Every structure is written in structure tokens, then in C-alpha cells.
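Structure file final-v1.pdb (PDB, C-alpha atoms, pLDDT in the B column) is printed below.
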```
ATOM      1  CA  MET U   1      44.518  37.043 -48.512  1.00 74.00           C
ATOM      2  CA  SER U   2      47.799  36.611 -50.388  1.00 90.00           C
ATOM      3  CA  LEU U   3      50.357  34.085 -49.178  1.00 92.00           C
ATOM      4  CA  TYR U   4      52.740  36.959 -48.412  1.00 92.00           C
ATOM      5  CA  ARG U   5      50.261  38.719 -46.101  1.00 89.00           C
ATOM      6  CA  LYS U   6      49.237  35.423 -44.507  1.00 93.00           C
ATOM      7  CA  ILE U   7      52.804  34.949 -43.249  1.00 94.00           C
ATOM      8  CA  PHE U   8      52.361  37.755 -40.731  1.00 93.00           C
ATOM      9  CA  GLU U   9      49.046  36.324 -39.564  1.00 93.00           C
ATOM     10  CA  ASN U  10      50.720  32.961 -39.119  1.00 93.00           C
ATOM     11  CA  ASN U  11      53.522  34.631 -37.167  1.00 92.00           C
ATOM     12  CA  LYS U  12      51.063  36.194 -34.725  1.00 94.00           C
ATOM     13  CA  LYS U  13      49.460  32.801 -34.121  1.00 93.00           C
ATOM     14  CA  TRP U  14      52.892  31.199 -33.656  1.00 92.00           C
ATOM     15  CA  VAL U  15      53.939  33.840 -31.102  1.00 95.00           C
ATOM     16  CA  ALA U  16      50.698  33.367 -29.176  1.00 96.00           C
ATOM     17  CA  GLU U  17      51.087  29.569 -29.167  1.00 92.00           C
ATOM     18  CA  LYS U  18      54.679  29.762 -27.941  1.00 91.00           C
ATOM     19  CA  LYS U  19      53.807  32.195 -25.148  1.00 93.00           C
ATOM     20  CA  ASN U  20      50.864  30.055 -24.147  1.00 94.00           C
ATOM     21  CA  THR U  21      53.168  27.024 -23.818  1.00 91.00           C
ATOM     22  CA  ASP U  22      56.083  28.892 -22.244  1.00 92.00           C
ATOM     23  CA  SER U  23      55.679  32.541 -21.222  1.00 93.00           C
ATOM     24  CA  ASN U  24      59.486  32.962 -21.198  1.00 92.00           C
ATOM     25  CA  PHE U  25      60.089  31.287 -24.575  1.00 92.00           C
ATOM     26  CA  PHE U  26      61.299  34.390 -26.388  1.00 92.00           C
ATOM     27  CA  GLU U  27      63.381  35.578 -23.447  1.00 90.00           C
ATOM     28  CA  HIS U  28      65.275  32.284 -23.536  1.00 88.00           C
ATOM     29  CA  LEU U  29      65.531  32.432 -27.335  1.00 90.00           C
ATOM     30  CA  ALA U  30      67.081  35.905 -27.249  1.00 92.00           C
ATOM     31  CA  LYS U  31      69.843  34.904 -24.824  1.00 90.00           C
ATOM     32  CA  GLY U  32      71.913  33.144 -27.499  1.00 89.00           C
ATOM     33  CA  GLN U  33      72.360  29.879 -29.319  1.00 92.00           C
ATOM     34  CA  ALA U  34      74.263  26.672 -28.667  1.00 93.00           C
ATOM     35  CA  PRO U  35      73.292  24.370 -31.542  1.00 95.00           C
ATOM     36  CA  GLU U  36      74.658  20.845 -31.566  1.00 97.00           C
ATOM     37  CA  ILE U  37      74.304  20.364 -35.321  1.00 98.00           C
ATOM     38  CA  LEU U  38      75.275  22.283 -38.448  1.00 98.00           C
ATOM     39  CA  TYR U  39      72.919  21.346 -41.283  1.00 98.00           C
ATOM     40  CA  ILE U  40      73.915  22.095 -44.877  1.00 98.00           C
ATOM     41  CA  GLY U  41      70.993  21.441 -47.204  1.00 97.00           C
ATOM     42  CA  CYS U  42      69.331  22.407 -50.457  1.00 96.00           C
ATOM     43  CA  SER U  43      67.314  25.606 -50.927  1.00 95.00           C
ATOM     44  CA  ASP U  44      64.417  23.633 -52.420  1.00 92.00           C
ATOM     45  CA  SER U  45      61.171  25.002 -50.947  1.00 92.00           C
ATOM     46  CA  ARG U  46      59.846  21.453 -50.376  1.00 88.00           C
ATOM     47  CA  VAL U  47      62.711  20.495 -48.060  1.00 83.00           C
ATOM     48  CA  THR U  48      62.082  22.198 -44.707  1.00 88.00           C
ATOM     49  CA  VAL U  49      64.660  20.975 -42.238  1.00 91.00           C
ATOM     50  CA  GLU U  50      62.882  22.053 -39.060  1.00 89.00           C
ATOM     51  CA  GLU U  51      59.667  20.310 -40.063  1.00 90.00           C
ATOM     52  CA  MET U  52      61.186  17.059 -41.303  1.00 91.00           C
ATOM     53  CA  THR U  53      63.528  16.685 -38.307  1.00 93.00           C
ATOM     54  CA  GLY U  54      61.286  18.049 -35.551  1.00 92.00           C
ATOM     55  CA  ILE U  55      64.240  20.121 -34.365  1.00 91.00           C
ATOM     56  CA  LYS U  56      63.595  23.020 -31.960  1.00 89.00           C
ATOM     57  CA  PRO U  57      64.861  26.617 -32.301  1.00 90.00           C
ATOM     58  CA  GLY U  58      68.449  26.874 -31.110  1.00 92.00           C
ATOM     59  CA  GLN U  59      69.336  23.203 -31.706  1.00 94.00           C
ATOM     60  CA  MET U  60      70.491  23.376 -35.325  1.00 97.00           C
ATOM     61  CA  PHE U  61      72.540  25.927 -37.296  1.00 97.00           C
ATOM     62  CA  VAL U  62      71.351  25.918 -40.912  1.00 97.00           C
ATOM     63  CA  HIS U  63      72.903  26.789 -44.274  1.00 98.00           C
ATOM     64  CA  ARG U  64      71.058  26.151 -47.532  1.00 97.00           C
ATOM     65  CA  ASN U  65      71.947  26.663 -51.186  1.00 97.00           C
ATOM     66  CA  ILE U  66      71.164  25.127 -54.566  1.00 96.00           C
ATOM     67  CA  ALA U  67      72.126  21.423 -54.550  1.00 97.00           C
ATOM     68  CA  ASN U  68      73.581  21.587 -50.998  1.00 97.00           C
ATOM     69  CA  LEU U  69      77.097  22.432 -52.165  1.00 98.00           C
ATOM     70  CA  VAL U  70      80.230  23.265 -50.186  1.00 98.00           C
ATOM     71  CA  PRO U  71      82.527  24.434 -53.005  1.00 96.00           C
ATOM     72  CA  ASN U  72      86.197  24.941 -52.219  1.00 92.00           C
ATOM     73  CA  ASN U  73      86.061  28.626 -53.228  1.00 90.00           C
ATOM     74  CA  ASP U  74      82.666  29.604 -51.782  1.00 96.00           C
ATOM     75  CA  ASN U  75      83.008  32.159 -48.994  1.00 96.00           C
ATOM     76  CA  SER U  76      79.385  31.812 -47.888  1.00 97.00           C
ATOM     77  CA  SER U  77      79.423  28.111 -47.005  1.00 97.00           C
ATOM     78  CA  ALA U  78      83.005  28.389 -45.734  1.00 97.00           C
ATOM     79  CA  ALA U  79      82.033  31.206 -43.353  1.00 98.00           C
ATOM     80  CA  VAL U  80      79.103  29.161 -42.058  1.00 98.00           C
ATOM     81  CA  VAL U  81      81.310  26.140 -41.351  1.00 98.00           C
ATOM     82  CA  GLU U  82      83.982  28.332 -39.731  1.00 98.00           C
ATOM     83  CA  TYR U  83      81.469  30.023 -37.432  1.00 98.00           C
ATOM     84  CA  ALA U  84      79.647  26.796 -36.567  1.00 98.00           C
ATOM     85  CA  VAL U  85      82.841  24.908 -35.720  1.00 98.00           C
ATOM     86  CA  ALA U  86      85.125  27.576 -34.231  1.00 97.00           C
ATOM     87  CA  TYR U  87      82.545  29.668 -32.372  1.00 97.00           C
ATOM     88  CA  LEU U  88      79.448  27.520 -31.847  1.00 97.00           C
ATOM     89  CA  ASN U  89      81.370  24.273 -31.216  1.00 97.00           C
ATOM     90  CA  VAL U  90      78.868  22.100 -33.059  1.00 98.00           C
ATOM     91  CA  LYS U  91      79.258  18.361 -32.477  1.00 98.00           C
ATOM     92  CA  HIS U  92      77.916  17.221 -35.848  1.00 98.00           C
ATOM     93  CA  ILE U  93      77.967  18.544 -39.420  1.00 98.00           C
ATOM     94  CA  VAL U  94      75.311  17.151 -41.749  1.00 98.00           C
ATOM     95  CA  VAL U  95      75.246  17.573 -45.518  1.00 98.00           C
ATOM     96  CA  CYS U  96      71.759  16.618 -46.686  1.00 98.00           C
ATOM     97  CA  GLY U  97      70.731  16.191 -50.301  1.00 97.00           C
ATOM     98  CA  HIS U  98      67.364  15.081 -51.604  1.00 96.00           C
ATOM     99  CA  TYR U  99      66.064  12.946 -54.429  1.00 96.00           C
ATOM    100  CA  ASN U 100      64.328  14.807 -57.262  1.00 93.00           C
ATOM    101  CA  CYS U 101      66.714  17.730 -56.739  1.00 95.00           C
ATOM    102  CA  GLY U 102      66.256  20.379 -59.432  1.00 92.00           C
ATOM    103  CA  GLY U 103      69.862  21.548 -59.086  1.00 92.00           C
ATOM    104  CA  ILE U 104      71.225  18.064 -59.715  1.00 94.00           C
ATOM    105  CA  LYS U 105      68.955  17.549 -62.711  1.00 91.00           C
ATOM    106  CA  ALA U 106      69.820  20.984 -64.108  1.00 90.00           C
ATOM    107  CA  ALA U 107      73.522  20.135 -63.908  1.00 90.00           C
ATOM    108  CA  MET U 108      72.915  17.098 -66.085  1.00 86.00           C
ATOM    109  CA  LYS U 109      71.373  19.114 -68.908  1.00 85.00           C
ATOM    110  CA  THR U 110      73.394  20.369 -71.867  1.00 87.00           C
ATOM    111  CA  GLU U 111      71.964  23.842 -71.465  1.00 87.00           C
ATOM    112  CA  ASP U 112      73.327  27.332 -70.856  1.00 89.00           C
ATOM    113  CA  MET U 113      71.858  28.487 -67.528  1.00 89.00           C
ATOM    114  CA  GLY U 114      73.614  31.821 -67.243  1.00 92.00           C
ATOM    115  CA  ILE U 115      75.013  32.701 -63.831  1.00 91.00           C
ATOM    116  CA  LEU U 116      74.091  29.225 -62.596  1.00 92.00           C
ATOM    117  CA  ASN U 117      76.709  27.667 -64.892  1.00 93.00           C
ATOM    118  CA  PRO U 118      79.743  27.994 -62.564  1.00 94.00           C
ATOM    119  CA  TRP U 119      77.686  26.917 -59.548  1.00 96.00           C
ATOM    120  CA  LEU U 120      76.303  23.809 -61.246  1.00 95.00           C
ATOM    121  CA  ARG U 121      79.755  22.998 -62.568  1.00 95.00           C
ATOM    122  CA  ASN U 122      80.505  21.770 -59.055  1.00 96.00           C
ATOM    123  CA  VAL U 123      77.897  19.040 -59.557  1.00 96.00           C
ATOM    124  CA  ARG U 124      79.273  18.262 -63.012  1.00 95.00           C
ATOM    125  CA  ASP U 125      82.692  17.841 -61.418  1.00 96.00           C
ATOM    126  CA  VAL U 126      81.160  15.252 -59.088  1.00 96.00           C
ATOM    127  CA  TYR U 127      79.862  13.421 -62.163  1.00 95.00           C
ATOM    128  CA  ARG U 128      83.329  13.580 -63.732  1.00 96.00           C
ATOM    129  CA  LEU U 129      84.901  12.051 -60.624  1.00 95.00           C
ATOM    130  CA  HIS U 130      82.388   9.194 -60.649  1.00 96.00           C
ATOM    131  CA  LYS U 131      81.710   8.957 -64.384  1.00 95.00           C
ATOM    132  CA  GLU U 132      82.424   5.239 -64.658  1.00 96.00           C
ATOM    133  CA  THR U 133      80.017   4.370 -61.844  1.00 96.00           C
ATOM    134  CA  LEU U 134      77.264   6.684 -63.080  1.00 96.00           C
ATOM    135  CA  ASP U 135      77.534   5.756 -66.762  1.00 95.00           C
ATOM    136  CA  ALA U 136      77.143   2.094 -65.811  1.00 97.00           C
ATOM    137  CA  ILE U 137      73.619   2.875 -64.510  1.00 96.00           C
ATOM    138  CA  THR U 138      71.302   2.587 -67.515  1.00 95.00           C
ATOM    139  CA  ASP U 139      68.111   3.829 -65.838  1.00 95.00           C
ATOM    140  CA  GLN U 140      68.180   7.640 -65.917  1.00 92.00           C
ATOM    141  CA  GLU U 141      66.199   8.136 -62.693  1.00 93.00           C
ATOM    142  CA  ALA U 142      68.450   5.702 -60.842  1.00 95.00           C
ATOM    143  CA  ARG U 143      71.469   7.567 -62.195  1.00 94.00           C
ATOM    144  CA  TYR U 144      70.104  10.883 -60.917  1.00 95.00           C
ATOM    145  CA  LYS U 145      69.534   9.363 -57.476  1.00 96.00           C
ATOM    146  CA  LYS U 146      73.058   7.997 -57.380  1.00 97.00           C
ATOM    147  CA  LEU U 147      74.441  11.409 -58.351  1.00 97.00           C
ATOM    148  CA  VAL U 148      72.455  12.975 -55.493  1.00 98.00           C
ATOM    149  CA  GLU U 149      74.158  10.555 -53.098  1.00 98.00           C
ATOM    150  CA  LEU U 150      77.619  11.018 -54.606  1.00 98.00           C
ATOM    151  CA  ASN U 151      77.211  14.786 -54.498  1.00 98.00           C
ATOM    152  CA  VAL U 152      76.469  14.579 -50.761  1.00 98.00           C
ATOM    153  CA  GLU U 153      79.556  12.426 -50.315  1.00 97.00           C
ATOM    154  CA  GLU U 154      81.837  14.870 -52.171  1.00 97.00           C
ATOM    155  CA  GLN U 155      80.464  17.884 -50.271  1.00 98.00           C
ATOM    156  CA  CYS U 156      81.129  16.080 -46.991  1.00 97.00           C
ATOM    157  CA  ILE U 157      84.708  15.509 -48.143  1.00 96.00           C
ATOM    158  CA  ASN U 158      84.963  19.226 -48.981  1.00 96.00           C
ATOM    159  CA  VAL U 159      84.007  19.973 -45.373  1.00 97.00           C
ATOM    160  CA  ILE U 160      86.654  17.544 -44.101  1.00 95.00           C
ATOM    161  CA  LYS U 161      89.287  19.338 -46.202  1.00 94.00           C
ATOM    162  CA  MET U 162      88.758  22.582 -44.257  1.00 95.00           C
ATOM    163  CA  ALA U 163      91.419  23.739 -41.801  1.00 94.00           C
ATOM    164  CA  VAL U 164      88.905  24.693 -39.125  1.00 96.00           C
ATOM    165  CA  LEU U 165      87.410  21.185 -39.205  1.00 95.00           C
ATOM    166  CA  GLN U 166      90.793  19.429 -39.089  1.00 94.00           C
ATOM    167  CA  LYS U 167      92.127  21.588 -36.266  1.00 94.00           C
ATOM    168  CA  HIS U 168      88.985  21.388 -34.151  1.00 95.00           C
ATOM    169  CA  TYR U 169      88.711  17.637 -34.568  1.00 94.00           C
ATOM    170  CA  LEU U 170      92.344  17.099 -33.569  1.00 94.00           C
ATOM    171  CA  GLU U 171      91.913  19.285 -30.483  1.00 94.00           C
ATOM    172  CA  LYS U 172      88.474  18.157 -29.300  1.00 95.00           C
ATOM    173  CA  GLY U 173      87.502  14.997 -31.181  1.00 95.00           C
ATOM    174  CA  PHE U 174      84.540  16.626 -32.920  1.00 96.00           C
ATOM    175  CA  PRO U 175      82.636  17.574 -35.051  1.00 97.00           C
ATOM    176  CA  THR U 176      81.669  14.396 -36.862  1.00 96.00           C
ATOM    177  CA  VAL U 177      80.594  14.729 -40.507  1.00 97.00           C
ATOM    178  CA  HIS U 178      77.518  12.909 -41.823  1.00 98.00           C
ATOM    179  CA  GLY U 179      75.859  12.525 -45.237  1.00 98.00           C
ATOM    180  CA  TRP U 180      72.067  12.297 -45.484  1.00 98.00           C
ATOM    181  CA  VAL U 181      69.476  12.154 -48.251  1.00 98.00           C
ATOM    182  CA  PHE U 182      65.811  13.107 -47.927  1.00 97.00           C
ATOM    183  CA  ASP U 183      63.381  10.985 -49.945  1.00 96.00           C
ATOM    184  CA  MET U 184      60.378  13.147 -50.824  1.00 92.00           C
ATOM    185  CA  HIS U 185      58.287  10.183 -51.959  1.00 92.00           C
ATOM    186  CA  SER U 186      58.448   8.493 -48.566  1.00 95.00           C
ATOM    187  CA  GLY U 187      59.299  11.416 -46.278  1.00 93.00           C
ATOM    188  CA  ASN U 188      62.218   9.449 -44.867  1.00 95.00           C
ATOM    189  CA  LEU U 189      65.645  10.773 -43.983  1.00 96.00           C
ATOM    190  CA  ILE U 190      68.374   8.338 -45.054  1.00 97.00           C
ATOM    191  CA  ASP U 191      71.781   8.231 -43.382  1.00 97.00           C
ATOM    192  CA  LEU U 192      74.218   7.229 -46.123  1.00 97.00           C
ATOM    193  CA  LYS U 193      76.633   5.954 -43.459  1.00 96.00           C
ATOM    194  CA  ILE U 194      79.638   7.069 -45.495  1.00 95.00           C
ATOM    195  CA  ASP U 195      82.903   5.418 -44.471  1.00 93.00           C
ATOM    196  CA  PHE U 196      85.174   8.457 -44.779  1.00 90.00           C
ATOM    197  CA  ALA U 197      88.220   6.553 -43.526  1.00 88.00           C
ATOM    198  CA  ARG U 198      87.878   4.222 -46.506  1.00 89.00           C
ATOM    199  CA  LYS U 199      86.963   6.989 -48.952  1.00 85.00           C
ATOM    200  CA  LEU U 200      90.027   9.020 -47.974  1.00 85.00           C
ATOM    201  CA  ASP U 201      92.391   6.064 -47.680  1.00 83.00           C
ATOM    202  CA  GLY U 202      95.478   6.752 -49.743  1.00 77.00           C
ATOM    203  CA  ILE U 203      94.635  10.401 -50.425  1.00 77.00           C
ATOM    204  CA  ARG U 204      94.209  11.817 -46.902  1.00 78.00           C
ATOM    205  CA  GLU U 205      97.774  13.166 -46.907  1.00 82.00           C
ATOM    206  CA  ILE U 206      96.914  15.326 -49.935  1.00 84.00           C
ATOM    207  CA  TYR U 207      94.453  17.348 -47.854  1.00 83.00           C
ATOM    208  CA  ASP U 208      96.298  17.136 -44.531  1.00 82.00           C
ATOM    209  CA  LEU U 209      97.147  20.708 -43.578  1.00 80.00           C
ATOM    210  CA  GLY U 210      99.815  19.688 -41.058  1.00 78.00           C
ATOM    211  CA  LEU U 211      97.806  20.843 -38.063  1.00 74.00           C
ATOM    212  CA  SER U 212      98.409  17.813 -35.842  1.00 64.00           C
ATOM    213  CA  GLY U 213     101.520  19.354 -34.273  1.00 57.00           C
ATOM    214  CA  LYS U 214      99.841  22.710 -33.707  1.00 58.00           C
ATOM    215  CA  ALA U 215      96.786  21.071 -32.152  1.00 52.00           C
ATOM    216  CA  LYS U 216      98.955  19.391 -29.483  1.00 50.00           C
ATOM    217  CA  LYS U 217     100.574  22.647 -28.363  1.00 45.00           C
TER
END
```
I need this file expressed as C-alpha cells, please.
Amino acid sequence: MSLYRKIFENNKKWVAEKKNTDSNFFEHLAKGQAPEILYIGCSDSRVTVEEMTGIKPGQMFVHRNIANLVPNNDNSSAAVVEYAVAYLNVKHIVVCGHYNCGGIKAAMKTEDMGILNPWLRNVRDVYRLHKETLDAITDQEARYKKLVELNVEEQCINVIKMAVLQKHYLEKGFPTVHGWVFDMHSGNLIDLKIDFARKLDGIREIYDLGLSGKAKK
């Protein structure tokens, strides 16, 4: 049996298991969603968020793309953040990268990759912003890992720049933004514990959209 056909067999088993555990499982599932977390991760087939976090259906809103990017001009990721924050009222937004990321490594190659070029340029821009730090790392693998972490950091900052995030946070005190990395070699999730107050110190006013007054009304 091909992997494609096996999916439907697996689905039948999954449905039976869920009904056996809770006969009303799918009735509850169909009523709606109220996820607490928005997860923005990589499309890599080895990084399955539900499996590595043990999260249940309805608890996490998920968006995935190559190299877990949140570009300033990307309508797809922007729409996901807007919906998650403004309509689902998520409490946390997680940007999760992973070591051994093909997108990150591809961005570091001097190679024409067609339609991927403008997408991967976002990662190259992260390298440009942190060139001094990255170039000081002589070990190539260590440099790749550091770029994975710095890319997560910059994508988190891109989320913080968004009007919907700023307005919602001023009004309700959430969501909180977090940066994670998944280590495939150990299976561990790593919270980078990014100090955004320090990272944005001195430049916060550049991205302040002047919503503080509106939020108080």
C-alpha cells in the first residue's frame, strides 16, 4: 500500500480511537476553536508541532512556511497573525525555528534558486543585520545554528511591529511573543528567552504606530 493510500486507513483508525475514548469528540471539535497559542513554524516535514508539543486539537493555531518567516510584506503570515490576535484572542505567539533547517542553509548558498530567491532574501537580510556576530563564528555548523536563532528573533520582532499586536497588547495585555528552537538531534524544544525590551531599546519608537491613545478610548 502506498503512503498516500495509507493516510486514509490511518484516518479511519484515528476516528475509531477518538470515538472510543470520547463518543462526542467530533461534536465538540465541530463547535469552534479557542486556541491559546499561535505557532509559526517551518514547513519541514520532520518538525510536527502537534507531536513534539503533545498539544490537543483546538489548543494551538498553526502557520508554517519555509524557514518560519514573518516577512513585512507577506499577506499569508500577516492574515494568520491578524486572525489569531483580533478574532481568536490568542494569549501567546510562538515563532519556532529548528536546527538543520534547509531553508536557512539554502539562504547561505551563493546559488540561484528561482522563485525561492525573494523568500530566502529575508533570511539573508537577517544575516546582514547580524553579519559581525555571525562572521566572528569560525565553525560553519555553529554559524548556521546561530543564524537559526537570530532568524527566530527577527521574525518575532516582525510580529511585534504589527498594528494588530500593538493595539491588542495595549488594550488587553496580551499576546506575549516567544522565540523557540527545536533541536532535532535531542528532540528538545528550546525557549530562547529573548529579552525584547532590551532588543528594542532605543528603536521601539521607530515601529510605534501611535496606538496607545486609541487603545485607551
Residues matched by the PyMOL selection byres ((chain U and resi 184) around 8), written as a PyMOL selection string: chain U and resi 98-100+182-183+185-188
Hits from the PyMOL selection byres ((chain U and resi 38) around 7), listed as a PDB file with C-alpha atoms, in the coordinates of the input:
```pdb
ATOM      1  CA  ILE U  37      74.304  20.364 -35.321  1.00 98.00           C
ATOM      2  CA  TYR U  39      72.919  21.346 -41.283  1.00 98.00           C
ATOM      3  CA  ILE U  40      73.915  22.095 -44.877  1.00 98.00           C
ATOM      4  CA  MET U  60      70.491  23.376 -35.325  1.00 97.00           C
ATOM      5  CA  PHE U  61      72.540  25.927 -37.296  1.00 97.00           C
ATOM      6  CA  VAL U  62      71.351  25.918 -40.912  1.00 97.00           C
ATOM      7  CA  ALA U  84      79.647  26.796 -36.567  1.00 98.00           C
ATOM      8  CA  VAL U  90      78.868  22.100 -33.059  1.00 98.00           C
ATOM      9  CA  HIS U  92      77.916  17.221 -35.848  1.00 98.00           C
ATOM     10  CA  ILE U  93      77.967  18.544 -39.420  1.00 98.00           C
ATOM     11  CA  VAL U  94      75.311  17.151 -41.749  1.00 98.00           C
TER      12      VAL U  94
END
```
Quick one: residues within 12 Å of Leu69 of chain U, all atoms listed in the file counted, chain neighbours fewer than 2 positions away excluded, as number ranges by chain? U: 39-43, 63-67, 71-78, 94-97, 103-104, 119-126, 148, 150-159
Counting all atoms listed in the file, which of U:Leu209, U:Ala197, U:Ile190, U:Val47 gets nearest to Gly102 of chain U?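 Smallest separation from Gly102 of chain U among the options: U:Val47.
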Could you write out as JSON the box around segment 102-117 of chain U (axis-aligned, all atoms listed in the file, 4 Å on each side), with centre and edge lengths in Å to one decimal?
```
{"center_x": 71.5, "center_y": 24.9, "center_z": -65.5, "size_x": 18.5, "size_y": 23.6, "size_z": 20.8}
```
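Using the PyMOL selection byres ((chain U and resi 174) around 12) on the file at hand returns these residues: Glu36, Ile37, Ala84, Val85, Ala86, Asn89, Val90, Lys91, His92, Ile93, Ile160, Val164, Leu165, Gln166, Lys167, His168, Tyr169, Leu170, Glu171, Lys172, Gly173, Pro175, Thr176, Val177 and His178 of chain U.
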Two-atom distance - atom CA of Lys31 of chain U, atom CA of Tyr87 of chain U (Å):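 These two atoms are separated by 15.7 Å.
Between atom CA of Pro57 of chain U and atom CA of Ala34 of chain U there is a distance of 10.1 Å.
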Kindly give the distance, in Å, that separates atom CA of Ala30 of chain U and atom CA of Lys56 of chain U, rounded to a single decimal.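 Calculated distance between atom CA of Ala30 of chain U and atom CA of Lys56 of chain U is 14.2 Å.
If only C-alpha atoms are the atoms counted, then among U:Leu129, U:Met52, U:Leu88, U:Leu147 the closest residue to Ala107 of chain U is U:Leu147.
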Counting all atoms listed in the file, which residue out of U:Thr138, U:Lys161, U:Tyr127, U:Lys13 sits closest to Ile206 of chain U?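 Ranking U:Thr138, U:Lys161, U:Tyr127, U:Lys13 by distance to Ile206 of chain U, first place goes to U:Lys161.
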Any chance you could build segment 178-189 of chain U out to N, CA and C atoms and write it as a compact mmCIF listing (two decimals), keeping the file's coordinate frame?
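Resulting contents of part_37.txt:
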```txt
# COMPACT_ATOMS: atom_id res chain seq x y z
N HIS U 178 78.49 13.91 -41.40
CA HIS U 178 77.52 12.91 -41.82
C HIS U 178 76.91 13.29 -43.17
N GLY U 179 76.55 12.30 -43.98
CA GLY U 179 75.86 12.52 -45.24
C GLY U 179 74.47 11.92 -45.20
N TRP U 180 73.46 12.74 -45.48
CA TRP U 180 72.07 12.30 -45.48
C TRP U 180 71.43 12.56 -46.84
N VAL U 181 70.34 11.85 -47.11
CA VAL U 181 69.48 12.15 -48.25
C VAL U 181 68.03 12.11 -47.77
N PHE U 182 67.24 13.08 -48.23
CA PHE U 182 65.81 13.11 -47.93
C PHE U 182 65.05 12.57 -49.13
N ASP U 183 64.20 11.57 -48.89
CA ASP U 183 63.38 10.98 -49.94
C ASP U 183 61.99 11.60 -49.88
N MET U 184 61.67 12.46 -50.84
CA MET U 184 60.38 13.15 -50.82
C MET U 184 59.20 12.19 -50.97
N HIS U 185 59.40 11.11 -51.69
CA HIS U 185 58.29 10.18 -51.96
C HIS U 185 57.85 9.43 -50.70
N SER U 186 58.78 9.21 -49.79
CA SER U 186 58.45 8.49 -48.57
C SER U 186 58.46 9.39 -47.33
N GLY U 187 59.15 10.52 -47.43
CA GLY U 187 59.30 11.42 -46.28
C GLY U 187 60.44 11.02 -45.36
N ASN U 188 61.17 9.97 -45.74
CA ASN U 188 62.22 9.45 -44.87
C ASN U 188 63.56 10.14 -45.07
N LEU U 189 64.25 10.34 -43.95
CA LEU U 189 65.64 10.77 -43.98
C LEU U 189 66.52 9.52 -44.02
```
